[in-house]
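J.: The structure file coords.tsv (TSV, C-alpha atoms) is provided below.
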chain	number	residue	atom	x	y	z
J	1	MET	CA	0.00	0.00	0.00
J	2	THR	CA	2.71	2.47	1.04
J	3	LEU	CA	4.85	1.76	-2.03
J	4	ARG	CA	1.86	1.95	-4.38
J	5	LEU	CA	0.70	5.26	-2.92
J	6	TYR	CA	4.27	6.57	-3.18
J	7	ILE	CA	4.44	5.60	-6.85
J	8	VAL	CA	1.01	7.09	-7.63
J	9	GLN	CA	1.91	10.34	-5.90
J	10	ARG	CA	5.27	10.68	-7.71
J	11	ALA	CA	3.77	9.68	-11.06
J	12	THR	CA	0.87	12.14	-10.71
J	13	ALA	CA	3.36	14.88	-9.78
J	14	MET	CA	5.40	14.21	-12.91
J	15	LEU	CA	2.33	14.13	-15.15
J	16	MET	CA	0.87	17.27	-13.58
J	17	LEU	CA	3.97	19.38	-14.16
J	18	PRO	CA	3.40	20.06	-17.89
J	19	LEU	CA	-0.34	20.49	-17.25
J	20	ILE	CA	0.35	23.09	-14.53
J	21	LEU	CA	2.71	25.01	-16.82
J	22	GLY	CA	0.10	24.92	-19.60
J	23	HIS	CA	-2.58	26.05	-17.16
J	24	LEU	CA	-0.44	29.02	-16.07
J	25	VAL	CA	0.22	30.00	-19.68
J	26	ILE	CA	-3.53	29.87	-20.36
J	27	ILE	CA	-4.25	32.09	-17.32
J	28	PHE	CA	-1.63	34.66	-18.38
J	29	TYR	CA	-2.88	34.57	-21.97
J	30	ALA	CA	-6.51	35.01	-20.96
J	31	SER	CA	-5.65	37.85	-18.52
J	32	ALA	CA	-3.30	39.66	-20.90
J	33	LYS	CA	-5.67	39.47	-23.84
J	34	GLY	CA	-8.66	40.39	-21.72
J	35	VAL	CA	-10.58	37.37	-22.93
J	36	SER	CA	-14.12	37.38	-21.51
J	37	ALA	CA	-15.86	34.45	-19.88
J	38	ALA	CA	-18.17	34.22	-22.88
J	39	ASP	CA	-15.14	34.05	-25.23
J	40	ILE	CA	-13.59	31.28	-23.13
J	41	LEU	CA	-16.79	29.27	-23.02
J	42	GLY	CA	-17.12	29.76	-26.75
J	43	ARG	CA	-13.78	28.09	-27.27
J	44	THR	CA	-14.12	25.33	-24.68
J	45	ALA	CA	-17.71	24.31	-25.39
J	46	GLY	CA	-17.80	21.01	-27.18
J	47	SER	CA	-14.00	20.73	-27.23
J	48	VAL	CA	-12.77	17.20	-26.67
J	49	GLY	CA	-9.20	18.53	-26.29
J	50	TRP	CA	-10.04	20.82	-23.34
J	51	ALA	CA	-12.19	18.09	-21.79
J	52	VAL	CA	-9.27	15.66	-21.88
J	53	TYR	CA	-6.74	18.30	-20.72
J	54	TYR	CA	-8.70	19.47	-17.69
J	55	GLY	CA	-10.30	16.08	-17.06
J	56	ALA	CA	-6.80	14.58	-16.69
J	57	PHE	CA	-5.70	17.54	-14.59
J	58	VAL	CA	-8.60	17.02	-12.18
J	59	LEU	CA	-7.96	13.28	-11.91
J	60	LEU	CA	-4.24	13.76	-11.21
J	61	THR	CA	-4.85	16.57	-8.71
J	62	ALA	CA	-7.47	14.59	-6.80
J	63	ALA	CA	-5.16	11.56	-6.47
J	64	HIS	CA	-2.04	13.57	-5.65
J	65	GLY	CA	-3.67	15.84	-3.09
J	66	ALA	CA	-5.60	13.09	-1.35
J	67	ILE	CA	-2.49	10.93	-0.85
J	68	GLY	CA	-0.61	13.91	0.53
J	69	LEU	CA	-3.45	14.71	2.94
J	70	ARG	CA	-3.41	11.10	4.16
J	71	THR	CA	0.22	11.47	5.25
J	72	ILE	CA	-0.36	14.86	6.87
J	73	ALA	CA	-3.41	13.50	8.70
J	74	MET	CA	-1.40	10.61	10.12
J	75	GLU	CA	1.76	12.56	10.98
J	76	TRP	CA	0.34	15.85	12.20
J	77	GLY	CA	-3.24	14.87	13.00
J	78	ARG	CA	-2.25	11.56	14.63
J	79	LEU	CA	-5.09	9.84	12.77
J	80	SER	CA	-5.04	6.07	12.60
J	81	GLN	CA	-4.21	4.57	9.21
J	82	ARG	CA	-7.81	3.45	8.86
J	83	ALA	CA	-9.17	6.95	9.47
J	84	ALA	CA	-6.52	8.50	7.24
J	85	ASP	CA	-7.38	6.08	4.44
J	86	ALA	CA	-11.04	7.04	4.75
J	87	LEU	CA	-10.09	10.73	4.66
J	88	MET	CA	-7.95	10.09	1.55
J	89	TRP	CA	-10.74	8.37	-0.35
J	90	GLY	CA	-13.34	10.89	0.79
J	91	THR	CA	-11.22	13.91	-0.16
J	92	GLY	CA	-10.06	12.34	-3.40
J	93	LEU	CA	-13.57	11.46	-4.58
J	94	LEU	CA	-14.93	14.87	-3.52
J	95	LEU	CA	-12.18	16.69	-5.43
J	96	LEU	CA	-12.78	14.44	-8.42
J	97	ALA	CA	-16.54	15.09	-8.39
J	98	LEU	CA	-16.18	18.85	-7.96
J	99	GLY	CA	-13.41	19.03	-10.55
J	100	LEU	CA	-15.22	16.97	-13.17
J	101	ARG	CA	-18.36	19.03	-12.58
J	102	ALA	CA	-16.31	22.18	-13.32
J	103	VAL	CA	-14.85	20.60	-16.45
J	104	ALA	CA	-18.33	19.62	-17.60
J	105	ALA	CA	-19.48	23.19	-17.01
J	106	VAL	CA	-16.92	24.61	-19.45
J	107	VAL	CA	-16.89	21.90	-22.14
J	108	ALA	CA	-20.60	21.12	-22.09
J	109	PRO	CA	-22.32	24.29	-20.82
J	110	GLY	CA	-25.94	23.69	-20.01
J	111	SER	CA	-25.42	19.99	-19.38
J	112	LEU	CA	-25.58	20.52	-15.63
J	113	ALA	CA	-28.70	22.65	-15.67
H	1	MET	CA	49.94	29.43	25.85
H	2	ALA	CA	46.50	28.01	25.12
H	3	GLN	CA	46.34	26.87	28.74
H	4	GLN	CA	47.09	30.43	29.96
H	5	GLU	CA	44.43	31.88	27.67
H	6	ALA	CA	41.90	29.37	28.93
H	7	ALA	CA	42.84	30.18	32.52
H	8	ARG	CA	41.76	33.77	31.96
H	9	LEU	CA	38.36	32.71	30.66
H	10	PRO	CA	35.41	32.98	33.04
H	11	ASP	CA	33.68	29.81	34.19
H	12	ILE	CA	31.04	28.46	31.89
H	13	GLU	CA	27.45	28.04	32.94
H	14	VAL	CA	26.24	24.54	32.09
H	15	ALA	CA	22.53	23.72	32.29
H	16	ILE	CA	22.07	19.95	32.36
H	17	TRP	CA	18.81	18.02	32.14
H	18	ARG	CA	18.21	16.12	35.38
H	19	GLY	CA	15.61	13.43	35.95
H	20	GLY	CA	13.40	11.52	33.52
H	21	GLU	CA	10.90	12.77	30.94
H	22	ASP	CA	9.45	15.24	33.47
H	23	GLY	CA	12.80	16.42	34.81
H	24	GLU	CA	14.26	19.91	34.70
H	25	TYR	CA	17.48	21.75	33.93
H	26	ARG	CA	19.96	22.28	36.74
H	27	THR	CA	22.77	24.76	36.28
H	28	TYR	CA	26.43	24.20	37.21
H	29	ARG	CA	29.53	26.38	36.93
H	30	VAL	CA	32.45	24.65	35.27
H	31	PRO	CA	35.97	26.11	34.83
H	32	ARG	CA	37.09	26.60	31.24
H	33	GLN	CA	40.07	24.72	29.91
H	34	ALA	CA	41.91	24.73	26.61
H	35	SER	CA	40.50	22.37	23.96
H	36	GLN	CA	37.67	21.47	26.33
H	37	THR	CA	34.86	19.34	24.89
H	38	VAL	CA	31.21	19.23	25.89
H	39	LEU	CA	31.81	15.72	27.20
H	40	ASP	CA	34.59	17.18	29.39
H	41	LEU	CA	32.03	19.55	30.93
H	42	VAL	CA	29.62	16.72	31.72
H	43	THR	CA	32.43	14.59	33.14
H	44	TYR	CA	33.59	17.52	35.32
H	45	VAL	CA	30.08	17.95	36.71
H	46	GLN	CA	29.77	14.25	37.48
H	47	ARG	CA	33.23	13.87	39.03
H	48	LYS	CA	33.52	17.16	40.93
H	49	LEU	CA	30.05	18.56	41.51
H	50	ASP	CA	27.35	15.90	41.46
H	51	PRO	CA	28.21	12.18	41.27
H	52	THR	CA	24.53	11.27	40.77
H	53	LEU	CA	24.58	12.62	37.19
H	54	SER	CA	23.98	9.82	34.68
H	55	TYR	CA	25.37	9.94	31.15
H	56	ARG	CA	26.88	7.57	28.63
H	57	PHE	CA	30.29	7.56	26.98
H	58	ALA	CA	33.08	5.14	26.15
H	59	CYS	CA	35.85	5.96	23.68
H	60	ARG	CA	36.01	9.78	23.95
H	61	VAL	CA	37.45	9.97	20.42
H	62	GLY	CA	34.42	9.83	18.13
H	63	VAL	CA	34.46	6.12	17.38
H	64	CYS	CA	31.95	4.41	19.66
H	65	GLY	CA	28.95	6.71	19.12
H	66	SER	CA	27.70	6.50	22.70
H	67	CYS	CA	28.06	10.11	23.95
H	68	ALA	CA	25.51	11.84	21.69
H	69	MET	CA	23.42	14.47	23.48
H	70	THR	CA	21.40	17.55	22.64
H	71	VAL	CA	23.67	20.56	22.95
H	72	ASN	CA	21.95	23.96	22.76
H	73	GLY	CA	19.06	22.29	20.95
H	74	ARG	CA	21.14	20.41	18.39
H	75	PRO	CA	22.08	16.73	18.54
H	76	ARG	CA	25.87	16.40	18.65
H	77	TRP	CA	28.63	13.94	19.52
H	78	THR	CA	29.83	15.58	22.69
H	79	CYS	CA	33.34	14.09	22.73
H	80	ARG	CA	34.19	15.82	19.45
H	81	THR	CA	32.32	19.05	20.09
H	82	HIS	CA	34.56	21.78	21.45
H	83	VAL	CA	33.07	24.09	24.05
H	84	SER	CA	34.54	27.06	22.16
H	85	LYS	CA	32.39	26.14	19.18
H	86	VAL	CA	29.06	26.06	21.03
H	87	ALA	CA	29.50	28.21	24.15
H	88	GLY	CA	27.93	31.33	22.66
H	89	GLU	CA	27.24	33.69	25.56
H	90	GLY	CA	29.16	31.54	28.02
H	91	ARG	CA	26.26	29.18	28.64
H	92	ILE	CA	25.59	25.69	27.33
H	93	GLU	CA	22.39	23.69	27.65
H	94	ILE	CA	22.82	19.91	27.55
H	95	ALA	CA	19.85	17.54	27.25
H	96	PRO	CA	19.37	13.88	26.34
H	97	LEU	CA	18.85	12.97	22.69
H	98	ALA	CA	15.38	13.71	21.35
H	99	ASN	CA	12.97	11.07	19.96
H	100	LEU	CA	14.11	8.48	22.52
H	101	PRO	CA	12.73	7.80	26.02
H	102	VAL	CA	14.84	9.31	28.79
H	103	ILE	CA	16.08	6.79	31.37
H	104	LYS	CA	17.69	9.36	33.63
H	105	ASP	CA	19.47	12.67	33.09
H	106	LEU	CA	21.44	12.42	29.84
H	107	ALA	CA	21.01	8.67	29.28
H	108	THR	CA	18.31	7.63	26.80
H	109	ASP	CA	16.84	4.21	26.17
H	110	MET	CA	18.10	3.33	22.68
H	111	THR	CA	16.16	0.05	22.40
H	112	ARG	CA	13.75	1.49	19.87
H	113	PHE	CA	16.61	2.85	17.76
H	114	PHE	CA	18.29	-0.55	17.51
H	115	GLU	CA	15.02	-2.46	17.05
H	116	LYS	CA	14.56	-0.41	13.88
H	117	TRP	CA	17.85	-1.81	12.56
H	118	GLN	CA	16.44	-5.30	12.99
H	119	GLU	CA	13.14	-4.33	11.33
H	120	ALA	CA	15.06	-2.89	8.36
H	121	LYS	CA	16.90	-6.22	8.04
H	122	GLY	CA	20.17	-4.51	8.83
H	123	VAL	CA	21.93	-7.85	9.31
H	124	HIS	CA	24.28	-9.27	6.69
H	125	VAL	CA	22.94	-12.52	5.18
H	126	PRO	CA	25.93	-14.61	4.12
H	127	THR	CA	25.91	-16.39	0.77
H	128	ALA	CA	29.18	-18.28	1.20
H	129	SER	CA	30.98	-20.23	3.89
H	130	ARG	CA	34.57	-20.00	5.04
H	131	HIS	CA	35.39	-22.83	2.64
H	132	ASP	CA	34.38	-20.80	-0.40
H	133	PRO	CA	36.82	-18.47	-2.12
H	134	ILE	CA	36.58	-14.81	-1.08
H	135	PRO	CA	34.68	-12.94	-3.78
H	136	ARG	CA	36.64	-10.23	-5.57
H	137	ILE	CA	34.89	-6.88	-5.50
H	138	SER	CA	36.53	-3.92	-7.18
H	139	PRO	CA	36.56	-0.75	-5.06
H	140	GLU	CA	35.56	1.05	-8.27
H	141	ASP	CA	32.42	-1.07	-8.61
H	142	LYS	CA	29.41	1.30	-8.64
H	143	ARG	CA	27.48	-0.56	-5.95
H	144	ARG	CA	30.57	-0.96	-3.77
H	145	ALA	CA	31.21	2.79	-4.04
H	146	ALA	CA	27.61	3.47	-2.98
H	147	ALA	CA	27.97	1.17	0.04
H	148	ASN	CA	31.35	2.67	0.97
H	149	ALA	CA	29.88	6.18	0.97
H	150	ALA	CA	27.36	5.16	3.62
H	151	ILE	CA	29.19	2.58	5.69
H	152	GLU	CA	30.99	4.64	8.35
H	153	CYS	CA	27.94	4.95	10.61
H	154	ILE	CA	28.83	4.77	14.33
H	155	ASN	CA	25.24	4.15	15.53
H	156	CYS	CA	25.23	7.30	17.63
H	157	GLY	CA	21.51	8.01	17.08
H	158	ILE	CA	22.06	11.67	16.17
H	159	CYS	CA	20.20	11.34	12.85
H	160	PHE	CA	17.33	9.58	14.65
H	161	ALA	CA	17.11	12.45	17.15
H	162	ALA	CA	17.31	15.09	14.41
H	163	CYS	CA	14.65	13.56	12.16
H	164	ASP	CA	11.20	15.19	11.93
H	165	THR	CA	9.67	12.06	10.42
H	166	VAL	CA	10.87	9.95	13.37
H	167	ARG	CA	9.11	12.45	15.65
H	168	TRP	CA	5.86	12.34	13.66
H	169	ASN	CA	5.68	8.69	12.63
H	170	GLU	CA	6.44	6.04	15.23
H	171	ASP	CA	6.55	3.32	12.57
H	172	TYR	CA	9.33	5.08	10.64
H	173	LEU	CA	12.55	3.08	10.59
H	174	GLY	CA	14.69	6.20	10.71
H	175	PRO	CA	17.75	7.38	8.80
H	176	ALA	CA	20.37	5.13	10.42
H	177	ALA	CA	18.53	1.83	9.92
H	178	LEU	CA	17.62	2.72	6.33
H	179	ASN	CA	21.18	3.85	5.65
H	180	ARG	CA	22.39	0.47	6.94
H	181	ALA	CA	19.89	-1.31	4.66
H	182	TRP	CA	21.25	0.70	1.73
H	183	THR	CA	24.82	-0.46	2.42
H	184	LEU	CA	23.61	-4.08	2.45
H	185	VAL	CA	21.50	-3.95	-0.72
H	186	ASN	CA	24.67	-2.72	-2.43
H	187	ASP	CA	26.73	-5.59	-1.02
H	188	ALA	CA	27.20	-8.25	-3.70
H	189	ARG	CA	28.02	-10.85	-1.01
H	190	ASP	CA	24.69	-10.40	0.76
H	191	GLY	CA	21.82	-12.79	0.13
H	192	GLY	CA	18.97	-10.96	1.83
H	193	HIS	CA	18.22	-8.30	-0.79
H	194	GLY	CA	14.63	-9.32	-1.57
H	195	GLU	CA	13.52	-9.57	2.04
H	196	ARG	CA	15.30	-6.33	2.89
H	197	LEU	CA	13.71	-4.38	0.04
H	198	ALA	CA	10.30	-5.66	1.16
H	199	ALA	CA	11.07	-4.52	4.73
H	200	VAL	CA	12.11	-1.00	3.70
H	201	ALA	CA	9.13	-0.69	1.30
H	202	ALA	CA	6.62	-1.58	4.03
H	203	LYS	CA	4.73	0.86	6.27
H	204	GLY	CA	7.22	3.15	8.03
H	205	GLY	CA	9.91	2.37	5.46
H	206	CYS	CA	11.92	4.55	3.10
H	207	HIS	CA	8.86	6.12	1.45
H	208	ALA	CA	7.95	7.87	4.69
H	209	CYS	CA	11.08	10.05	4.39
H	210	HIS	CA	10.27	13.68	3.52
H	211	THR	CA	13.82	14.50	2.43
H	212	HIS	CA	14.22	17.22	5.06
H	213	GLN	CA	17.91	16.24	5.23
H	214	SER	CA	18.30	16.89	8.96
H	215	CYS	CA	20.16	13.56	9.16
H	216	GLU	CA	22.67	14.72	6.58
H	217	GLN	CA	22.94	18.11	8.30
H	218	HIS	CA	23.71	16.65	11.74
H	219	CYS	CA	25.58	13.40	11.01
H	220	PRO	CA	28.95	13.70	12.79
H	221	GLN	CA	30.45	11.28	10.27
H	222	ALA	CA	29.34	13.53	7.38
H	223	LEU	CA	27.24	10.72	5.92
H	224	ASN	CA	24.15	11.42	3.85
H	225	PRO	CA	21.38	9.02	4.93
H	226	THR	CA	18.88	11.02	2.85
H	227	ALA	CA	20.79	10.01	-0.28
H	228	SER	CA	20.81	6.38	0.90
H	229	ILE	CA	17.05	6.54	1.45
H	230	ALA	CA	16.58	8.07	-2.01
H	231	GLY	CA	18.53	5.11	-3.38
H	232	LEU	CA	16.21	2.70	-1.56
H	233	LYS	CA	13.15	4.52	-2.95
H	234	ARG	CA	14.57	4.10	-6.46
H	235	LEU	CA	15.38	0.40	-5.95
H	236	THR	CA	11.96	-0.39	-4.47
H	237	VAL	CA	10.15	1.32	-7.37
H	238	GLU	CA	12.30	-0.63	-9.84
H	239	ALA	CA	11.52	-3.85	-7.99
H	240	PHE	CA	7.80	-2.99	-8.07
H	241	ILE	CA	7.95	-2.44	-11.84
H	242	ARG	CA	9.68	-5.82	-12.25
H	243	GLY	CA	6.88	-7.37	-10.17
H	244	GLU	CA	9.17	-8.33	-7.28
H	245	LEU	CA	7.43	-6.08	-4.75
H	246	LYS	CA	3.77	-5.46	-4.15
Could you write out this structure as structure tokens?
T.:
Amino acid sequence: MTLRLYIVQRATAMLMLPLILGHLVIIFYASAKGVSAADILGRTAGSVGWAVYYGAFVLLTAAHGAIGLRTIAMEWGRLSQRAADALMWGTGLLLLALGLRAVAAVVAPGSLA
Amino acid sequence: MAQQEAARLPDIEVAIWRGGEDGEYRTYRVPRQASQTVLDLVTYVQRKLDPTLSYRFACRVGVCGSCAMTVNGRPRWTCRTHVSKVAGEGRIEIAPLANLPVIKDLATDMTRFFEKWQEAKGVHVPTASRHDPIPRISPEDKRRAAANAAIECINCGICFAACDTVRWNEDYLGPAALNRAWTLVNDARDGGHGERLAAVAAKGGCHACHTHQSCEQHCPQALNPTASIAGLKRLTVEAFIRGELK
């Protein structure tokens, strides 16, 4: 379990790095160009590319963050491994659900209404 | 000359931890001497001022690793720590090593520290008998070089006392035991590699290390257990990919 979680956390970190850099570039681009929310939604709506990009980002972030929280909960919160595992799964699934909902909102606007 | 200079120095104030976990500091005045070590201060207090003071030492020359204590908040080998280096404002605070139960005064119970060595499979598993020829291992061999870089550990427990992860995670094997495991997994004559890798990949093993590098910072032998642990992390991941570890 420990080794697997270690590998997942390192692998997600490596995979997230280019996505984070891309995300930052997008933020700077959108801010500098003064792109409006409507413009952004116009470009992301129906885009499989953006769905995959941010869908993967959400998945990686949920896994990476939840595993990290598990360690912090055990070391600083003195939680038992059982409780920390529950926290990890709970946090990870919550982040995944919220993140995927946000992705759906920009690639398929109206689908959540 | 050095003796005369030391003679002019004022006495040093030495606060020493007395009692068990719920003890307190007691302050003593000790005359300064040339080339005086922190262990000299403790010995002076015990021999001249208070014979009930308990502490541990043996070789006095940085070989045995038994005199480690917390000096002004940092774990140090007291026999090789000169007073002039740590005296600051003419006061030194000496406590038992952290992360280990205090037996009395400056003596800690190191059972837990050495049990971790056993848990990390820090014992050499022979693959040959005395009747077999001695294997030839080149000093330039990459694995031998890696083992050599980590092998001069004197079991003083300073890295264990300095480690945040040891403080937070009671299952953690600690820098010294993992460093020992690293020397053995790089030993071509050892036959316990598989079992050892499984032990250091289990709960509390090498993956619990946060790479704070306090062990490397404080090791009196200038070893780098963090690097050894990083090596174990790499080997365990490789073994997992090969399907040898789960």
J.: Show me the residues around (22.0, 11.7, 5.1) - criterion: an atom at most 9 Å away, all atoms listed in the file counted - as a list in words.
T.: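 Using all atoms listed in the file, the matching residues come out as Ala150, Cys159, Pro175, Ala176, Asn179, Gln213, Ser214, Cys215, Glu216, Gln217, His218, Cys219, Ala222, Leu223, Asn224, Pro225, Thr226, Ala227, Ser228 and Ile229 of chain H.
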J.: Could you please take those selected residues and save C-alpha atoms as a tab-separated table (two decimals), in the coordinates of the input?
T.:
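Done, and the output landed in out.tsv:
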chain	number	residue	atom	x	y	z
H	150	ALA	CA	27.36	5.16	3.62
H	159	CYS	CA	20.20	11.34	12.85
H	175	PRO	CA	17.75	7.38	8.80
H	176	ALA	CA	20.37	5.13	10.42
H	179	ASN	CA	21.18	3.85	5.65
H	213	GLN	CA	17.91	16.24	5.23
H	214	SER	CA	18.30	16.89	8.96
H	215	CYS	CA	20.16	13.56	9.16
H	216	GLU	CA	22.67	14.72	6.58
H	217	GLN	CA	22.94	18.11	8.30
H	218	HIS	CA	23.71	16.65	11.74
H	219	CYS	CA	25.58	13.40	11.01
H	222	ALA	CA	29.34	13.53	7.38
H	223	LEU	CA	27.24	10.72	5.92
H	224	ASN	CA	24.15	11.42	3.85
H	225	PRO	CA	21.38	9.02	4.93
H	226	THR	CA	18.88	11.02	2.85
H	227	ALA	CA	20.79	10.01	-0.28
H	228	SER	CA	20.81	6.38	0.90
H	229	ILE	CA	17.05	6.54	1.45
J.: Identify which of the residues J:Arg43, J:Lys33, J:Arg101, J:Arg70 lies closest to chain H, counting all atoms listed in the file when measuring atom-to-atom distances.
T.: J:Arg70
J.: I'd like the contact shell of Val103 of chain J - 9 Å cut-off, all atoms listed in the file, skipping same-chain residues fewer than 4 positions apart - returned as a PyMOL selection string.
T.: chain J and resi 50-51+54-55+58+98-99+107-108
J.: What would the file look like if the residues just selected were written as a PDB file, in the frame of the given file with C-alpha atoms?
T.:
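After the write, part17.pdb holds the following:
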ATOM      1  CA  TRP J  50     -10.040  20.820 -23.340  1.00  0.00           C
ATOM      2  CA  ALA J  51     -12.190  18.090 -21.790  1.00  0.00           C
ATOM      3  CA  TYR J  54      -8.700  19.470 -17.690  1.00  0.00           C
ATOM      4  CA  GLY J  55     -10.300  16.080 -17.060  1.00  0.00           C
ATOM      5  CA  VAL J  58      -8.600  17.020 -12.180  1.00  0.00           C
ATOM      6  CA  LEU J  98     -16.180  18.850  -7.960  1.00  0.00           C
ATOM      7  CA  GLY J  99     -13.410  19.030 -10.550  1.00  0.00           C
ATOM      8  CA  VAL J 107     -16.890  21.900 -22.140  1.00  0.00           C
ATOM      9  CA  ALA J 108     -20.600  21.120 -22.090  1.00  0.00           C
TER      10      ALA J 108
END
J.: Got a sec: who's within 12 Å of Gln118 of chain H, counting only C-alpha atoms, leaving out chain neighbours fewer than 5 positions off, as an MDAnalysis selection string?
T.: chainID H and resid 111:113 123:124 173:174 176:178 180:181 196 199:200
J.: What's around segment 14-25 of chain J at 9 Å? Count all atoms listed in the file, leave out sequence neighbours fewer than 3 positions away in its own chain, and write the answer as a list in words.
T.: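 The contact residues come out as Gln9, Arg10, Ala11, Phe28, Tyr29, Ala30, Tyr53, Tyr54, Ala56, Phe57, Leu60 and Thr61 of chain J.
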J.: (36.3, 28.3, 31.4) in this file's frame - what residues fall within 7 Å of it? Use all atoms listed in the file and give the answer as a list in words.
T.: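 Output of the proximity query reads Ala6, Ala7, Leu9, Pro10, Asp11, Ile12, Val30, Pro31, Arg32 and Gln33 of chain H.
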J.: Selected residues, C-alpha atoms, written as a compact mmCIF listing (two decimals), keeping the file's coordinate frame, please.
T.:
# COMPACT_ATOMS: atom_id res chain seq x y z
CA ALA H 6 41.90 29.37 28.93
CA ALA H 7 42.84 30.18 32.52
CA LEU H 9 38.36 32.71 30.66
CA PRO H 10 35.41 32.98 33.04
CA ASP H 11 33.68 29.81 34.19
CA ILE H 12 31.04 28.46 31.89
CA VAL H 30 32.45 24.65 35.27
CA PRO H 31 35.97 26.11 34.83
CA ARG H 32 37.09 26.60 31.24
CA GLN H 33 40.07 24.72 29.91
J.: Using all atoms listed in the file, I'd like every residue of chain J that has an atom within 8 Å of chain H; please write them out as a short mmCIF file (atom, residue, chain, number, x, y, z; two decimals) with C-alpha atoms, in the frame of the given file.
T.:
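Writing done, so here's out32.cif:
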data_model
loop_
_atom_site.label_atom_id
_atom_site.label_comp_id
_atom_site.auth_asym_id
_atom_site.auth_seq_id
_atom_site.Cartn_x
_atom_site.Cartn_y
_atom_site.Cartn_z
CA MET J 1 0.00 0.00 0.00
CA THR J 2 2.71 2.47 1.04
CA LEU J 3 4.85 1.76 -2.03
CA ARG J 4 1.86 1.95 -4.38
CA TYR J 6 4.27 6.57 -3.18
CA ILE J 7 4.44 5.60 -6.85
CA MET J 74 -1.40 10.61 10.12
CA GLU J 75 1.76 12.56 10.98
CA TRP J 76 0.34 15.85 12.20
#
J.: So the first atom is atom CA of Arg8 of chain H and the second is atom CA of Gly90 of chain H; what is the distance between them in Å, to one decimal place?
T.: 13.4 Å
J.: Interatomic distance between atom CA of Ala66 of chain J and atom CA of Arg234 of chain H?
T.: 22.7 Å
J.: Looking at H:Glu21, H:Tyr28, H:Cys79, H:Arg60, which one is nearest to Val45 of chain H, with distances taken over only C-alpha atoms?
T.: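 Distance minimum relative to Val45 of chain H lands on H:Tyr28.
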J.: Write out as an MDAnalysis selection string which residues come within 10 Å of Gly68 of chain J when counting only C-alpha atoms, dropping same-chain ones fewer than 4 positions away.
T.: chainID J and resid 5:6 9 63:64 72:73 88
J.: May I have the residues within 12 Å of segment 46-50 of chain H as a list in words, using only C-alpha atoms and disregarding those fewer than 2 positions away in the same chain?
T.: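 These residues fall inside the cut-off: Val14, Ile16, Arg18, Arg26, Thr27, Tyr28, Arg29, Val30, Pro31, Leu39, Asp40, Leu41, Val42, Thr43, Tyr44, Thr52, Leu53, Ser54, Tyr55, Arg56, Asp105 and Leu106 of chain H.
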J.: If you measure from atom CA of Gly73 of chain H to atom CA of Ala15 of chain H, what distance in Å do you get, rounded to one decimal?
T.: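 Pair atom CA of Gly73 of chain H / atom CA of Ala15 of chain H returns 11.9 Å.
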J.: With only C-alpha atoms as the basis for distance, which of H:Ala145, H:Met69, H:Ile94, H:Val125 is at the shortest distance from Phe160 of chain H?
T.: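 For Phe160 of chain H, the nearest of the candidates is H:Met69.
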J.: So, with all atoms listed in the file as the atoms that count, which of J:Ser80, J:Ala37, J:Leu59, J:Gly49 lies closest to Leu94 of chain J?
T.: J:Leu59
J.: So, with all atoms listed in the file as the atoms that count, which of J:Ala45, J:Val35, J:Leu87, J:Ile67 lies closest to Val8 of chain J?
T.: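 Closest to Val8 of chain J, using all atoms listed in the file: J:Ile67.
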J.: Given the choices H:Asn148, H:Thr211, H:Asn99, H:Thr78, which gets closest to Cys59 of chain H if the distance is worked out from all atoms listed in the file?
T.: H:Thr78
